[in-house]
Structures are given as structure tokens and as C-alpha cells.
$ cat protein_35.tsv   # TSV, C-alpha atoms
chain	number	residue	atom	x	y	z
A	1176	MET	CA	-21.87	22.40	14.69
A	1177	ALA	CA	-23.75	20.35	17.24
A	1178	ASP	CA	-24.44	20.40	20.93
A	1179	SER	CA	-20.88	20.41	22.25
A	1180	SER	CA	-18.52	23.16	23.32
A	1181	SER	CA	-15.53	20.80	22.90
A	1182	LEU	CA	-16.54	20.33	19.29
A	1183	ASP	CA	-16.92	24.07	18.70
A	1184	ALA	CA	-13.49	24.63	20.26
A	1185	LEU	CA	-12.01	21.96	18.00
A	1186	VAL	CA	-13.49	23.52	14.86
A	1187	GLU	CA	-12.17	26.91	16.00
A	1188	ALA	CA	-8.68	25.49	16.61
A	1189	LEU	CA	-8.58	23.66	13.26
A	1190	ARG	CA	-9.27	26.98	11.52
A	1191	ARG	CA	-5.83	28.16	12.63
A	1192	LEU	CA	-4.30	25.74	10.13
A	1193	PRO	CA	-3.29	27.51	6.89
A	1194	GLY	CA	-5.83	27.07	4.09
A	1195	VAL	CA	-8.56	25.75	6.39
A	1196	GLY	CA	-11.83	27.70	6.53
A	1197	ALA	CA	-15.02	27.14	8.51
A	1198	LYS	CA	-16.39	24.40	6.23
A	1199	SER	CA	-13.15	22.40	6.02
A	1200	ALA	CA	-12.65	22.71	9.78
A	1201	SER	CA	-16.16	21.30	10.41
A	1202	ARG	CA	-15.53	18.48	7.96
A	1203	MET	CA	-12.19	17.65	9.60
A	1204	ALA	CA	-13.70	17.65	13.10
A	1205	PHE	CA	-16.57	15.44	11.94
A	1206	HIS	CA	-14.19	13.00	10.27
A	1207	LEU	CA	-11.87	12.78	13.27
A	1208	LEU	CA	-14.62	12.25	15.86
A	1209	GLN	CA	-16.81	9.97	13.76
A	1210	HIS	CA	-14.23	7.84	11.98
A	1211	ASP	CA	-10.80	8.31	13.56
A	1212	ARG	CA	-10.70	8.76	17.35
A	1213	ALA	CA	-7.30	7.06	17.41
A	1214	GLY	CA	-6.04	9.56	14.84
A	1215	THR	CA	-7.44	12.41	16.93
A	1216	GLN	CA	-5.43	11.33	19.98
A	1217	MET	CA	-2.39	10.71	17.80
A	1218	LEU	CA	-2.56	14.18	16.26
A	1219	ALA	CA	-3.03	15.75	19.71
A	1220	ARG	CA	0.11	14.02	21.00
A	1221	ALA	CA	2.11	14.83	17.84
A	1222	LEU	CA	1.25	18.53	18.14
A	1223	GLU	CA	2.12	18.58	21.83
A	1224	GLN	CA	5.44	16.80	21.24
A	1225	ALA	CA	6.43	18.98	18.31
A	1226	ALA	CA	5.53	22.19	20.13
A	1227	ASN	CA	7.69	21.11	23.07
A	1228	ASN	CA	10.65	19.57	21.26
A	1229	VAL	CA	11.22	21.31	17.97
A	1230	ARG	CA	13.59	24.27	18.02
A	1231	HIS	CA	15.97	26.01	15.65
A	1232	CYS	CA	19.49	24.78	14.81
A	1233	GLU	CA	22.00	27.21	16.30
A	1234	ARG	CA	24.05	27.20	13.10
A	1235	CYS	CA	21.64	26.90	10.16
A	1236	ASN	CA	18.31	27.91	11.76
A	1237	THR	CA	16.37	24.86	10.48
A	1238	PHE	CA	13.99	22.86	12.67
A	1239	THR	CA	15.78	20.35	14.86
A	1240	GLU	CA	15.53	18.73	18.28
A	1241	ALA	CA	19.23	19.03	19.12
A	1242	ALA	CA	21.23	22.24	19.52
A	1243	ILE	CA	22.91	21.59	16.14
A	1244	CYS	CA	21.11	19.73	13.33
A	1245	SER	CA	22.54	16.59	11.69
A	1246	VAL	CA	23.52	18.38	8.47
A	1247	CYS	CA	25.54	21.00	10.38
A	1248	GLN	CA	27.12	18.21	12.45
A	1249	ASP	CA	28.32	16.40	9.31
A	1250	ALA	CA	32.06	17.24	9.24
A	1251	ARG	CA	32.55	15.75	5.76
A	1252	ARG	CA	30.71	18.63	4.12
A	1253	ASP	CA	32.44	21.55	2.40
A	1254	GLY	CA	32.62	24.38	4.92
A	1255	THR	CA	33.47	27.01	2.32
A	1256	LYS	CA	30.00	26.89	0.73
A	1257	ILE	CA	26.66	27.90	2.27
A	1258	CYS	CA	23.36	27.57	0.46
A	1259	VAL	CA	20.60	29.93	1.63
A	1260	VAL	CA	17.02	28.60	1.32
A	1261	GLU	CA	13.61	29.79	2.50
A	1262	THR	CA	12.27	26.67	4.19
A	1263	PRO	CA	13.29	23.17	5.36
A	1264	ALA	CA	11.24	21.79	2.42
A	1265	ASP	CA	13.45	23.74	-0.02
A	1266	GLN	CA	16.55	22.38	1.72
A	1267	ALA	CA	15.16	18.85	1.41
A	1268	ALA	CA	14.59	19.39	-2.34
A	1269	LEU	CA	18.22	20.48	-2.79
A	1270	GLU	CA	19.50	17.57	-0.69
A	1271	ARG	CA	17.57	15.10	-2.84
A	1272	THR	CA	19.53	16.24	-5.92
A	1273	GLY	CA	22.78	15.14	-4.27
A	1274	ALA	CA	24.48	17.98	-6.21
A	1275	PHE	CA	25.46	20.10	-3.21
A	1276	ARG	CA	27.80	19.03	-0.42
A	1277	GLY	CA	28.18	22.28	1.50
A	1278	TYR	CA	26.17	23.59	4.43
A	1279	TYR	CA	22.81	25.37	4.50
A	1280	PHE	CA	21.17	28.33	6.11
A	1281	VAL	CA	17.39	28.19	6.38
A	1282	LEU	CA	15.73	31.63	6.54
A	1283	MET	CA	12.37	30.19	7.71
A	1284	GLY	CA	10.60	32.75	5.57
A	1285	LYS	CA	11.21	35.47	3.01
A	1286	LEU	CA	11.15	39.23	2.97
A	1287	SER	CA	7.58	40.30	2.40
A	1288	PRO	CA	7.03	44.01	3.09
A	1289	LEU	CA	3.32	43.73	2.25
A	1290	ASP	CA	2.88	41.21	5.09
A	1291	GLY	CA	5.12	43.25	7.38
A	1292	ILE	CA	7.97	40.72	7.24
A	1293	GLY	CA	11.29	42.56	7.28
A	1294	PRO	CA	14.97	41.54	7.69
A	1295	LYS	CA	14.62	41.07	11.45
A	1296	ASP	CA	11.80	38.55	11.07
A	1297	ILE	CA	13.76	36.12	8.90
A	1298	GLY	CA	16.97	35.82	10.88
A	1299	LEU	CA	19.25	37.84	8.59
A	1300	ALA	CA	21.47	38.85	11.53
A	1301	LYS	CA	21.98	35.16	12.33
A	1302	LEU	CA	22.80	34.49	8.67
A	1303	PHE	CA	25.41	37.25	8.53
A	1304	GLU	CA	27.03	35.97	11.71
A	1305	ARG	CA	27.09	32.43	10.30
A	1306	VAL	CA	28.68	33.27	6.93
A	1307	LEU	CA	31.33	35.55	8.46
A	1308	ASP	CA	32.98	32.65	10.35
A	1309	GLY	CA	36.15	33.04	8.25
A	1310	ILE	CA	35.70	29.65	6.53
A	1311	VAL	CA	32.74	30.37	4.24
A	1312	SER	CA	33.83	31.88	0.93
A	1313	GLU	CA	30.77	31.37	-1.30
A	1314	VAL	CA	27.11	31.96	-0.50
A	1315	ILE	CA	24.65	30.36	-2.93
A	1316	LEU	CA	21.26	32.06	-2.86
A	1317	ALA	CA	18.57	29.45	-3.45
A	1318	THR	CA	15.48	31.39	-2.40
A	1319	ASN	CA	12.44	30.82	-4.62
A	1320	PHE	CA	12.13	32.48	-8.02
A	1321	THR	CA	9.07	34.44	-6.94
A	1322	ALA	CA	8.94	38.22	-6.54
A	1323	GLU	CA	9.48	37.91	-2.79
A	1324	GLY	CA	12.19	35.25	-3.11
A	1325	GLU	CA	14.05	37.38	-5.68
A	1326	ALA	CA	13.83	40.45	-3.46
A	1327	THR	CA	15.13	38.43	-0.51
A	1328	ALA	CA	18.05	37.15	-2.60
A	1329	HIS	CA	18.80	40.70	-3.75
A	1330	VAL	CA	18.89	42.15	-0.23
A	1331	ILE	CA	21.07	39.32	1.13
A	1332	GLY	CA	23.32	39.40	-1.93
A	1333	GLU	CA	24.01	43.14	-1.69
A	1334	ALA	CA	24.78	42.92	2.03
A	1335	LEU	CA	27.16	39.97	1.64
A	1336	LYS	CA	29.03	41.36	-1.37
A	1337	GLN	CA	29.90	44.41	0.77
A	1338	ARG	CA	31.41	42.01	3.27
A	1339	GLY	CA	33.70	40.52	0.62
A	1340	LEU	CA	32.00	37.18	0.03
A	1341	THR	CA	31.35	35.55	-3.34
A	1342	VAL	CA	27.58	35.49	-3.84
A	1343	THR	CA	25.92	33.30	-6.49
A	1344	ARG	CA	22.33	32.53	-7.42
A	1345	LEU	CA	20.77	29.31	-8.74
A	1346	ALA	CA	20.66	29.49	-12.56
A	1347	ARG	CA	17.38	30.47	-14.14
A	1348	GLY	CA	16.39	28.66	-17.33
A	1349	VAL	CA	14.19	26.15	-19.07
A	1350	PRO	CA	13.18	23.25	-16.79
A	1351	ALA	CA	14.49	19.79	-17.73
A	1352	GLY	CA	12.07	17.80	-19.90
A	1353	SER	CA	10.04	20.80	-21.05
A	1354	GLU	CA	9.10	21.80	-24.60
A	1355	LEU	CA	9.92	25.42	-25.47
A	1356	GLU	CA	6.43	25.93	-26.94
A	1357	TYR	CA	4.90	25.57	-23.49
A	1358	VAL	CA	7.50	27.48	-21.45
A	1359	ASP	CA	6.54	31.03	-20.44
A	1360	LEU	CA	8.23	33.93	-22.21
A	1361	GLY	CA	10.01	35.30	-19.13
A	1362	THR	CA	11.72	31.95	-18.57
A	1363	ILE	CA	12.85	31.71	-22.21
A	1364	ALA	CA	14.15	35.29	-22.12
A	1365	HIS	CA	16.18	34.53	-18.97
A	1366	ALA	CA	17.50	31.31	-20.54
A	1367	LEU	CA	18.63	33.30	-23.59
A	1368	VAL	CA	20.39	35.94	-21.50
A	1369	ASP	CA	22.07	33.32	-19.26
A	1370	ARG	CA	23.00	31.01	-22.20
A	1371	ARG	CA	26.29	29.20	-21.91
B	850	MET	CA	11.11	17.61	6.45
B	851	ALA	CA	14.03	18.56	8.65
B	852	ASP	CA	16.13	17.03	11.36
B	853	SER	CA	13.38	16.14	13.83
B	854	SER	CA	11.39	12.99	14.47
B	855	SER	CA	8.69	15.02	16.29
B	856	LEU	CA	8.25	17.05	13.14
B	857	ASP	CA	8.02	13.97	10.94
B	858	ALA	CA	5.45	12.48	13.34
B	859	LEU	CA	3.45	15.72	13.21
B	860	VAL	CA	3.42	15.75	9.38
B	861	GLU	CA	2.36	12.09	9.41
B	862	ALA	CA	-0.46	12.80	11.90
B	863	LEU	CA	-1.72	15.86	9.97
B	864	ARG	CA	-2.08	13.66	6.88
B	865	ARG	CA	-4.90	11.81	8.65
B	866	LEU	CA	-7.06	14.91	8.23
B	867	PRO	CA	-9.42	14.59	5.24
B	868	GLY	CA	-8.16	16.39	2.13
B	869	VAL	CA	-4.64	16.88	3.49
B	870	GLY	CA	-1.78	15.35	1.49
B	871	ALA	CA	1.96	15.32	2.08
B	872	LYS	CA	2.57	18.87	0.82
B	873	SER	CA	-0.29	20.47	2.78
B	874	ALA	CA	0.72	18.57	5.91
B	875	SER	CA	4.29	19.89	5.63
B	876	ARG	CA	3.03	23.39	5.07
B	877	MET	CA	0.70	23.15	8.07
B	878	ALA	CA	3.44	21.81	10.34
B	879	PHE	CA	5.83	24.55	9.19
B	880	HIS	CA	3.22	27.25	9.80
B	881	LEU	CA	2.31	25.97	13.26
B	882	LEU	CA	5.88	25.61	14.50
B	883	GLN	CA	7.27	28.73	12.88
B	884	HIS	CA	4.40	31.16	13.35
B	885	ASP	CA	1.85	29.79	15.81
B	886	ARG	CA	3.20	27.78	18.74
B	887	ALA	CA	0.28	28.99	20.86
B	888	GLY	CA	-2.12	27.68	18.19
B	889	THR	CA	-0.27	24.37	18.16
B	890	GLN	CA	-0.81	23.88	21.88
B	891	MET	CA	-4.40	25.08	21.57
B	892	LEU	CA	-5.16	22.61	18.79
B	893	ALA	CA	-3.53	19.79	20.75
B	894	ARG	CA	-5.72	20.51	23.77
B	895	ALA	CA	-8.87	20.93	21.65
B	896	LEU	CA	-8.29	17.55	19.99
B	897	GLU	CA	-7.65	15.87	23.33
B	898	GLN	CA	-10.76	17.40	24.90
B	899	ALA	CA	-13.02	16.60	21.98
B	900	ALA	CA	-11.77	13.00	21.76
B	901	ASN	CA	-12.47	12.54	25.46
B	902	ASN	CA	-15.75	14.44	25.82
B	903	VAL	CA	-17.72	14.18	22.60
B	904	ARG	CA	-20.13	11.26	22.33
B	905	HIS	CA	-23.40	10.45	20.59
B	906	CYS	CA	-26.81	11.58	21.82
B	907	GLU	CA	-28.74	8.51	23.01
B	908	ARG	CA	-31.87	9.66	21.21
B	909	CYS	CA	-30.82	11.38	17.99
B	910	ASN	CA	-27.23	10.12	17.55
B	911	THR	CA	-25.71	13.60	17.02
B	912	PHE	CA	-22.49	14.75	18.72
B	913	THR	CA	-23.04	15.92	22.28
B	914	GLU	CA	-21.30	15.97	25.65
B	915	ALA	CA	-24.38	14.99	27.67
B	916	ALA	CA	-26.33	11.72	27.44
B	917	ILE	CA	-29.14	13.55	25.60
B	918	CYS	CA	-28.47	16.60	23.38
B	919	SER	CA	-30.15	19.96	23.95
B	920	VAL	CA	-32.47	19.60	20.93
B	921	CYS	CA	-33.78	16.23	22.19
B	922	GLN	CA	-34.17	17.73	25.68
B	923	ASP	CA	-36.36	20.57	24.34
B	924	ALA	CA	-39.88	19.48	25.44
B	925	ARG	CA	-41.59	22.25	23.41
B	926	ARG	CA	-40.80	20.50	20.13
B	927	ASP	CA	-43.32	18.43	18.17
B	928	GLY	CA	-42.72	14.78	19.14
B	929	THR	CA	-44.76	13.42	16.23
B	930	LYS	CA	-42.21	14.53	13.61
B	931	ILE	CA	-38.64	13.30	13.14
B	932	CYS	CA	-36.32	14.68	10.47
B	933	VAL	CA	-33.53	12.30	9.33
B	934	VAL	CA	-30.28	13.99	8.23
B	935	GLU	CA	-26.80	12.76	7.34
B	936	THR	CA	-24.62	15.00	9.51
B	937	PRO	CA	-24.79	17.58	12.34
B	938	ALA	CA	-23.98	20.25	9.71
B	939	ASP	CA	-27.13	19.29	7.77
B	940	GLN	CA	-29.15	19.49	10.98
B	941	ALA	CA	-27.69	22.95	11.66
B	942	ALA	CA	-28.72	24.08	8.15
B	943	LEU	CA	-32.31	22.94	8.76
B	944	GLU	CA	-32.39	24.57	12.21
B	945	ARG	CA	-31.27	27.89	10.73
B	946	THR	CA	-34.37	27.95	8.51
B	947	GLY	CA	-36.60	27.96	11.59
B	948	ALA	CA	-39.15	26.01	9.51
B	949	PHE	CA	-39.04	22.74	11.46
B	950	ARG	CA	-39.97	22.33	15.11
B	951	GLY	CA	-39.86	18.54	15.47
B	952	TYR	CA	-36.95	16.35	16.50
B	953	TYR	CA	-34.04	15.02	14.47
B	954	PHE	CA	-32.15	11.82	13.89
B	955	VAL	CA	-28.56	12.21	12.68
B	956	LEU	CA	-27.29	9.20	10.69
B	957	MET	CA	-23.64	10.34	10.93
B	958	GLY	CA	-23.10	9.07	7.42
B	959	LYS	CA	-24.89	7.63	4.42
B	960	LEU	CA	-25.20	4.25	2.75
B	961	SER	CA	-22.24	3.88	0.43
B	962	PRO	CA	-21.81	0.29	-0.80
B	963	LEU	CA	-18.70	1.24	-2.83
B	964	ASP	CA	-16.98	2.39	0.38
B	965	GLY	CA	-18.31	-0.63	2.26
B	966	ILE	CA	-20.73	1.46	4.35
B	967	GLY	CA	-23.90	-0.55	4.93
B	968	PRO	CA	-27.01	-0.16	7.14
B	969	LYS	CA	-25.14	-1.28	10.27
B	970	ASP	CA	-22.50	1.43	9.90
B	971	ILE	CA	-24.95	4.33	9.94
B	972	GLY	CA	-27.05	3.48	12.97
B	973	LEU	CA	-30.20	2.40	11.15
B	974	ALA	CA	-31.16	0.03	14.00
B	975	LYS	CA	-30.98	2.99	16.42
B	976	LEU	CA	-33.13	5.06	14.03
B	977	PHE	CA	-35.81	2.34	13.79
B	978	GLU	CA	-35.90	2.01	17.56
B	979	ARG	CA	-36.23	5.79	17.93
B	980	VAL	CA	-39.09	6.30	15.47
B	981	LEU	CA	-41.10	3.34	16.78
B	982	ASP	CA	-41.60	4.99	20.20
B	983	GLY	CA	-45.37	5.23	19.58
B	984	ILE	CA	-45.35	9.05	19.43
B	985	VAL	CA	-43.62	9.65	16.08
B	986	SER	CA	-46.08	9.57	13.17
B	987	GLU	CA	-44.12	11.25	10.36
B	988	VAL	CA	-40.49	10.74	9.32
B	989	ILE	CA	-39.09	13.45	7.03
B	990	LEU	CA	-36.12	12.19	5.03
B	991	ALA	CA	-33.66	15.07	4.58
B	992	THR	CA	-30.59	13.19	3.38
B	993	ASN	CA	-28.66	14.92	0.61
B	994	PHE	CA	-29.87	14.88	-2.98
B	995	THR	CA	-26.82	12.96	-4.15
B	996	ALA	CA	-26.87	9.39	-5.46
B	997	GLU	CA	-25.84	8.06	-2.04
B	998	GLY	CA	-28.22	10.32	-0.13
B	999	GLU	CA	-31.12	9.28	-2.36
B	1000	ALA	CA	-30.29	5.60	-1.93
B	1001	THR	CA	-30.13	6.06	1.84
B	1002	ALA	CA	-33.52	7.82	1.83
B	1003	HIS	CA	-34.97	5.02	-0.30
B	1004	VAL	CA	-33.77	2.22	2.00
B	1005	ILE	CA	-34.98	3.99	5.16
B	1006	GLY	CA	-38.28	4.97	3.51
B	1007	GLU	CA	-39.12	1.44	2.42
B	1008	ALA	CA	-38.32	0.01	5.84
B	1009	LEU	CA	-40.40	2.60	7.71
B	1010	LYS	CA	-43.43	2.41	5.41
B	1011	GLN	CA	-43.64	-1.32	6.20
B	1012	ARG	CA	-43.82	-0.35	9.87
B	1013	GLY	CA	-46.84	1.88	9.24
B	1014	LEU	CA	-45.22	5.34	9.48
B	1015	THR	CA	-45.82	8.28	7.15
B	1016	VAL	CA	-42.57	8.91	5.30
B	1017	THR	CA	-41.93	12.16	3.39
B	1018	ARG	CA	-38.93	13.58	1.53
B	1019	LEU	CA	-37.79	17.20	1.19
B	1020	ALA	CA	-39.22	18.66	-2.03
B	1021	ARG	CA	-36.96	18.76	-5.06
B	1022	GLY	CA	-37.22	21.82	-7.28
B	1023	VAL	CA	-35.71	25.03	-8.55
B	1024	PRO	CA	-33.62	26.82	-5.87
B	1025	ALA	CA	-34.89	30.20	-4.67
B	1026	GLY	CA	-33.39	33.13	-6.59
B	1027	SER	CA	-32.26	31.12	-9.61
B	1028	GLU	CA	-32.95	31.76	-13.31
B	1029	LEU	CA	-34.35	28.77	-15.21
B	1030	GLU	CA	-31.84	29.24	-18.02
B	1031	TYR	CA	-29.01	28.31	-15.66
B	1032	VAL	CA	-30.72	25.48	-13.74
B	1033	ASP	CA	-29.74	21.95	-14.78
B	1034	LEU	CA	-32.24	19.87	-16.74
B	1035	GLY	CA	-32.74	17.18	-14.09
B	1036	THR	CA	-33.78	19.81	-11.55
B	1037	ILE	CA	-36.26	21.43	-13.97
B	1038	ALA	CA	-37.71	18.01	-14.86
B	1039	HIS	CA	-38.22	17.21	-11.16
B	1040	ALA	CA	-39.78	20.64	-10.57
B	1041	LEU	CA	-42.22	20.01	-13.43
B	1042	VAL	CA	-43.24	16.59	-12.12
B	1043	ASP	CA	-43.61	17.87	-8.55
B	1044	ARG	CA	-45.43	21.08	-9.60
B	1045	ARG	CA	-48.15	22.25	-7.25

$ encode --input "protein_35.tsv" --output "C-alpha cells"
Amino acid sequence: MADSSSLDALVEALRRLPGVGAKSASRMAFHLLQHDRAGTQMLARALEQAANNVRHCERCNTFTEAAICSVCQDARRDGTKICVVETPADQAALERTGAFRGYYFVLMGKLSPLDGIGPKDIGLAKLFERVLDGIVSEVILATNFTAEGEATAHVIGEALKQRGLTVTRLARGVPAGSELEYVDLGTIAHALVDRR
Amino acid sequence: MADSSSLDALVEALRRLPGVGAKSASRMAFHLLQHDRAGTQMLARALEQAANNVRHCERCNTFTEAAICSVCQDARRDGTKICVVETPADQAALERTGAFRGYYFVLMGKLSPLDGIGPKDIGLAKLFERVLDGIVSEVILATNFTAEGEATAHVIGEALKQRGLTVTRLARGVPAGSELEYVDLGTIAHALVDRR
């Protein structure tokens, strides 16, 4: 951008963020250095801290700073049910509903053969070990309803059924508050098949 | 997001980047910690370095690590011409054309009364001092052709004309390679008025 190797290095580093190209990276660097030096230092420290402190929960695989995360430490939850999600954000969405009081397992990804992401890359071995603790009886698959999320649910489901566990999947159907006219055909077809 | 205050602090800090909201910040933090720890450390160091090392050129106000930037240090340039631009990126665009061999002044912003950005916030005093060095005879206003860029050019132009300098503006007209049918009316009207 200008006459500074530190600035070029910063633009280069910002491009490693997902969804940030050369133009956005330049704009971000300009904004930080021109208008928000305090924010620049703050972001530097936050990155450093997170890179050093954040690790994976030994039980559920989510991000945590302790060996076991607070959800897994909560003894009042129902140990017979485990809900499998793709990311901590998905877990947070489920927690906000207040409708589930079991434990979670966070895959930290999804099967994606096209991107070279196979079972080993998303901690499936750790999941199988976790659910075969003798207490878990039902595994609820709450991966996303995308092609990759469905494939991930299918692979996990097949493997766990062989091991004698009850495997369920979040219901598919028409979203709350929606008008049928504007719902896509695939969703309506699923809602018809899964009617109750 | 999950069970980690470092992670929450990181998401909060990423939101200070322009154009990054809560969802993007979460996604960025997840990506960095799950897939790119090396990038996380690299970005932290780059931010730290840039915040400590990058300052403004004493002559042209652009980002630099020395007291005077390399462009201002280049004695082969034409000292009678100064080109005024909004940002280092604009300066880089002009440099790439190879059509200008004078010096620059980088405002690092534009007048924007609605955002509370007045003449003092964009280094106009420094600009006036620079162009009244007795050598500069022509100031080329190359601020953007937006409402704010035009207003900035107008304010600077009026002030410098009173001080006896020749003030010019980049020509407005039809962009190279475009078909008239698809060019907006305002641009065609300007091109007609400024015909040569």
C-alpha cells in the first residue's frame, strides 16, 4: 500500500481471515492504523491470548480454556443424551432454545470430501469414544441441513447404530412463522413425509 | 461462542474491523483457532509491529516507517507539482499509471460533515504548509469523484487559489473501454461539457 513493510505484512496477515481479499485487507489496515490504534493493540493481544489459551474440551471437543468445559462439568444435565453439532455457534443456538438438557459433542467441522476433510479430521474417533461410555443411550444428530451436514449425520448415524445406540435427527419441516407459499418445495415435501 | 473468555475477547476485538459484524467475527475466530493457529500468531505480531512502527510521512502525510517516505525522498521528481489524494491506495493507483512524476499529499480521509470530519481532521493545515514551500506551483486535486471527494476538492481548491497557486482537478469523462450506451448520464454530460 504505502512505504512500509510493517503495513504490507499486516495486509498480508489480514488476508488469512476467511472472506477477506486484498481490497478488504487494505481497507482494514488503513482503518486500524488511521482511526483505531488502540483497537489494533487490543486485537493483537486478543489474538495472542486466544492462540495461547484456547484448547479443546476433553469430553465434548468444543473450545474451552479448562480441561473440561462448563457444559460438560454441569452434573445436573442428562447424561443419557448427547447432541452432535458442527460448531460451537450451533451449540450456542441449541442452548438458547432451552429445549435440550443433555450433553453435546462438537465436531468442529463436517465431512467434506471435496475439501479433503474426512472422518479423521473432524474427531469422529473421539466422538465414538465419548458416546460409548455406557451411560449415553441416545445420540441426537444436529449437524446442519446442508449436503455436507446431511452426509456427516448419515456417516455418524450408521456407525453408531451398529454399536447399539439410539440415533435420532433434528426434525425437518416448515420453519415457525413462515407462509407455505414462500417455503421451498423440498422443505414442504419433507414436512409432508414427516407429518405427525 | 463457547466456554472461553479469550475467545469472547477475540470475537469482540475482531468486530472493530470495518465491515465485520458479530457473525463474521465468530466465523473468523473459529477459523483462526480451528484451522490456522500459525496465522493467528502471525496476525497478532503483524498488528503489534504495524501499530508500533507505522507513522505519517512528515512531508506528504502517507504511512511510512521513516520520517520521510521514499516517494518524498526521491529527488528526481518534479517539485513544482503536488497531487492531493485521499488515501495511500489512491496514491498507489496513480503511481501505477506512471503518468505523474511529481510529489503527493495524502489527506488520509475526506471532508465528511455528516460523520463530523472537518478540515482539522484531515490534515489540511499540513497540506497548506507543504504546498506553500515556494517551489510548488500546481496542485492537482485527485480526491474521489464522490460527493464527499468533490466537496473536499472544492474546499482545498478555493483555499489554495486565494494563495496564488494553480489548482487543477483530474478530468471527468467516459472511462476507457466503455460503450456510451452503458455509461451513466451524469458522466456523459460532464464529458460533453469538458470535450476537447

$ closest_atom_pairs --input "protein_35.tsv" --of "chain A" --to "chain B" --cutoff "8 Å" --atoms "only C-alpha atoms" --output "tab-separated table"
residue	atom	partner	partner_atom	distance
A:Met1176	CA	B:Ala938	CA	5.8
A:Ala1177	CA	B:Pro937	CA	5.7
A:Asp1178	CA	B:Thr913	CA	4.9
A:Ser1179	CA	B:Thr913	CA	5.0
A:Ser1181	CA	B:Ala899	CA	5.0
A:Leu1182	CA	B:Ala899	CA	5.8
A:Ala1184	CA	B:Ala895	CA	6.1
A:Leu1185	CA	B:Ala895	CA	4.9
A:Ala1188	CA	B:Leu892	CA	5.0
A:Leu1189	CA	B:Leu892	CA	6.6
A:Arg1191	CA	B:Gly888	CA	6.7
A:Leu1192	CA	B:Met877	CA	6.0
A:Pro1193	CA	B:Met877	CA	6.0
A:Ser1201	CA	B:Ala938	CA	7.9
A:Arg1202	CA	B:Pro867	CA	7.7
A:Met1203	CA	B:Leu866	CA	6.0
A:His1206	CA	B:Pro867	CA	7.1
A:Leu1207	CA	B:Leu866	CA	7.3
A:Leu1208	CA	B:Ala900	CA	6.6
A:Gln1209	CA	B:Met957	CA	7.4
A:Arg1212	CA	B:Ala900	CA	6.2
A:Gly1214	CA	B:Arg865	CA	6.7
A:Thr1215	CA	B:Leu896	CA	6.0
A:Gln1216	CA	B:Glu897	CA	6.1
A:Met1217	CA	B:Ala862	CA	6.6
A:Leu1218	CA	B:Ala862	CA	5.0
A:Ala1219	CA	B:Ala893	CA	4.2
A:Arg1220	CA	B:Ala893	CA	6.8
A:Ala1221	CA	B:Leu859	CA	4.9
A:Leu1222	CA	B:Ala893	CA	5.6
A:Glu1223	CA	B:Ala893	CA	5.9
A:Gln1224	CA	B:Ser855	CA	6.2
A:Ala1225	CA	B:Ser855	CA	5.0
A:Ala1226	CA	B:Arg886	CA	6.2
A:Asn1228	CA	B:Ser855	CA	7.0
A:Val1229	CA	B:Ser853	CA	7.0
A:Thr1237	CA	B:Ala851	CA	7.0
A:Phe1238	CA	B:Ala851	CA	5.9
A:Thr1239	CA	B:Asp852	CA	4.8
A:Glu1240	CA	B:Ser853	CA	5.6
A:Cys1244	CA	B:Asp852	CA	6.0
A:Ser1245	CA	B:Asp852	CA	6.4
A:Pro1263	CA	B:Ala851	CA	5.7
A:Ala1264	CA	B:Met850	CA	5.8
A:Ala1267	CA	B:Met850	CA	6.6
A:Met1283	CA	B:Gln883	CA	7.4

$ residues_around --input "protein_35.tsv" --residues "Phe1275 (chain A)" --least-positions-apart "2" --cutoff "10 Å" --atoms "all atoms listed in the file" --output "list in words"
Arg1252, Asp1253, Lys1256, Ile1257, Cys1258, Leu1269, Glu1270, Arg1271, Thr1272, Gly1273, Gly1277, Tyr1278 and Tyr1279 of chain A

$ residues_near_point --input "protein_35.tsv" --point "(29.1, 32.4, -3.7)" --cutoff "12 Å" --atoms "all atoms listed in the file" --output "list in words"
Thr1255, Lys1256, Ile1257, Cys1258, Val1259, Gly1277, Val1306, Val1311, Ser1312, Glu1313, Val1314, Ile1315, Leu1316, Ala1317, Ile1331, Gly1332, Leu1335, Lys1336, Gly1339, Leu1340, Thr1341, Val1342, Thr1343, Arg1344 and Leu1345 of chain A

$ atom_distance --input "protein_35.tsv" --atom1 "CA of Ser961 (chain B)" --atom2 "CA of Ala996 (chain B)"
9.3 Å

$ atom_distance --input "protein_35.tsv" --atom1 "CA of Arg1305 (chain A)" --atom2 "CA of Arg1338 (chain A)"
12.6 Å

$ atom_distance --input "protein_35.tsv" --atom1 "CA of Ala1250 (chain A)" --atom2 "CA of Asn1236 (chain A)"
17.6 Å

$ residues_around --input "protein_35.tsv" --residues "Leu1355 (chain A)" --least-positions-apart "6" --cutoff "12 Å" --atoms "all atoms listed in the file" --output "PyMOL selection string"
chain A and resi 1348-1349+1361-1364+1366-1367

$ axis_aligned_box --input "protein_35.tsv" --around "region 883-893 of chain B" --padding-each-side "3 Å" --output "AutoDock Vina command-line options"
--center_x 1.1 --center_y 25.5 --center_z 17.4 --size_x 18.4 --size_y 17.4 --size_z 15.0

$ decode --input "protein_35.tsv" --residues "region 896-907 of chain B" --atoms "N, CA and C atoms" --output "CSV table (one decimal), in the first residue's frame"
chain,number,residue,atom,x,y,z
B,896,LEU,N,0.0,-7.0,13.6
B,896,LEU,CA,-0.7,-5.9,14.2
B,896,LEU,C,0.1,-5.1,15.2
B,897,GLU,N,0.8,-5.8,16.0
B,897,GLU,CA,1.7,-5.2,17.0
B,897,GLU,C,2.8,-4.4,16.3
B,898,GLN,N,3.4,-5.0,15.4
B,898,GLN,CA,4.5,-4.3,14.6
B,898,GLN,C,4.0,-3.1,13.9
B,899,ALA,N,2.9,-3.2,13.2
B,899,ALA,CA,2.4,-2.1,12.5
B,899,ALA,C,2.0,-0.9,13.4
B,900,ALA,N,1.3,-1.3,14.5
B,900,ALA,CA,0.9,-0.3,15.5
B,900,ALA,C,2.1,0.5,16.1
B,901,ASN,N,3.2,-0.2,16.2
B,901,ASN,CA,4.4,0.4,16.8
B,901,ASN,C,5.2,1.2,15.8
B,902,ASN,N,5.3,0.7,14.5
B,902,ASN,CA,6.2,1.2,13.6
B,902,ASN,C,5.7,2.2,12.6
B,903,VAL,N,4.4,2.0,12.2
B,903,VAL,CA,3.9,2.9,11.1
B,903,VAL,C,3.5,4.3,11.7
B,904,ARG,N,4.1,5.3,11.0
B,904,ARG,CA,3.7,6.7,11.3
B,904,ARG,C,3.5,7.4,10.0
B,905,HIS,N,3.3,8.7,10.1
B,905,HIS,CA,3.0,9.5,9.0
B,905,HIS,C,4.2,10.3,8.4
B,906,CYS,N,4.4,10.3,7.1
B,906,CYS,CA,5.5,11.0,6.5
B,906,CYS,C,5.4,12.5,6.8
B,907,GLU,N,6.5,13.1,7.2
B,907,GLU,CA,6.4,14.5,7.6
B,907,GLU,C,6.1,15.4,6.5
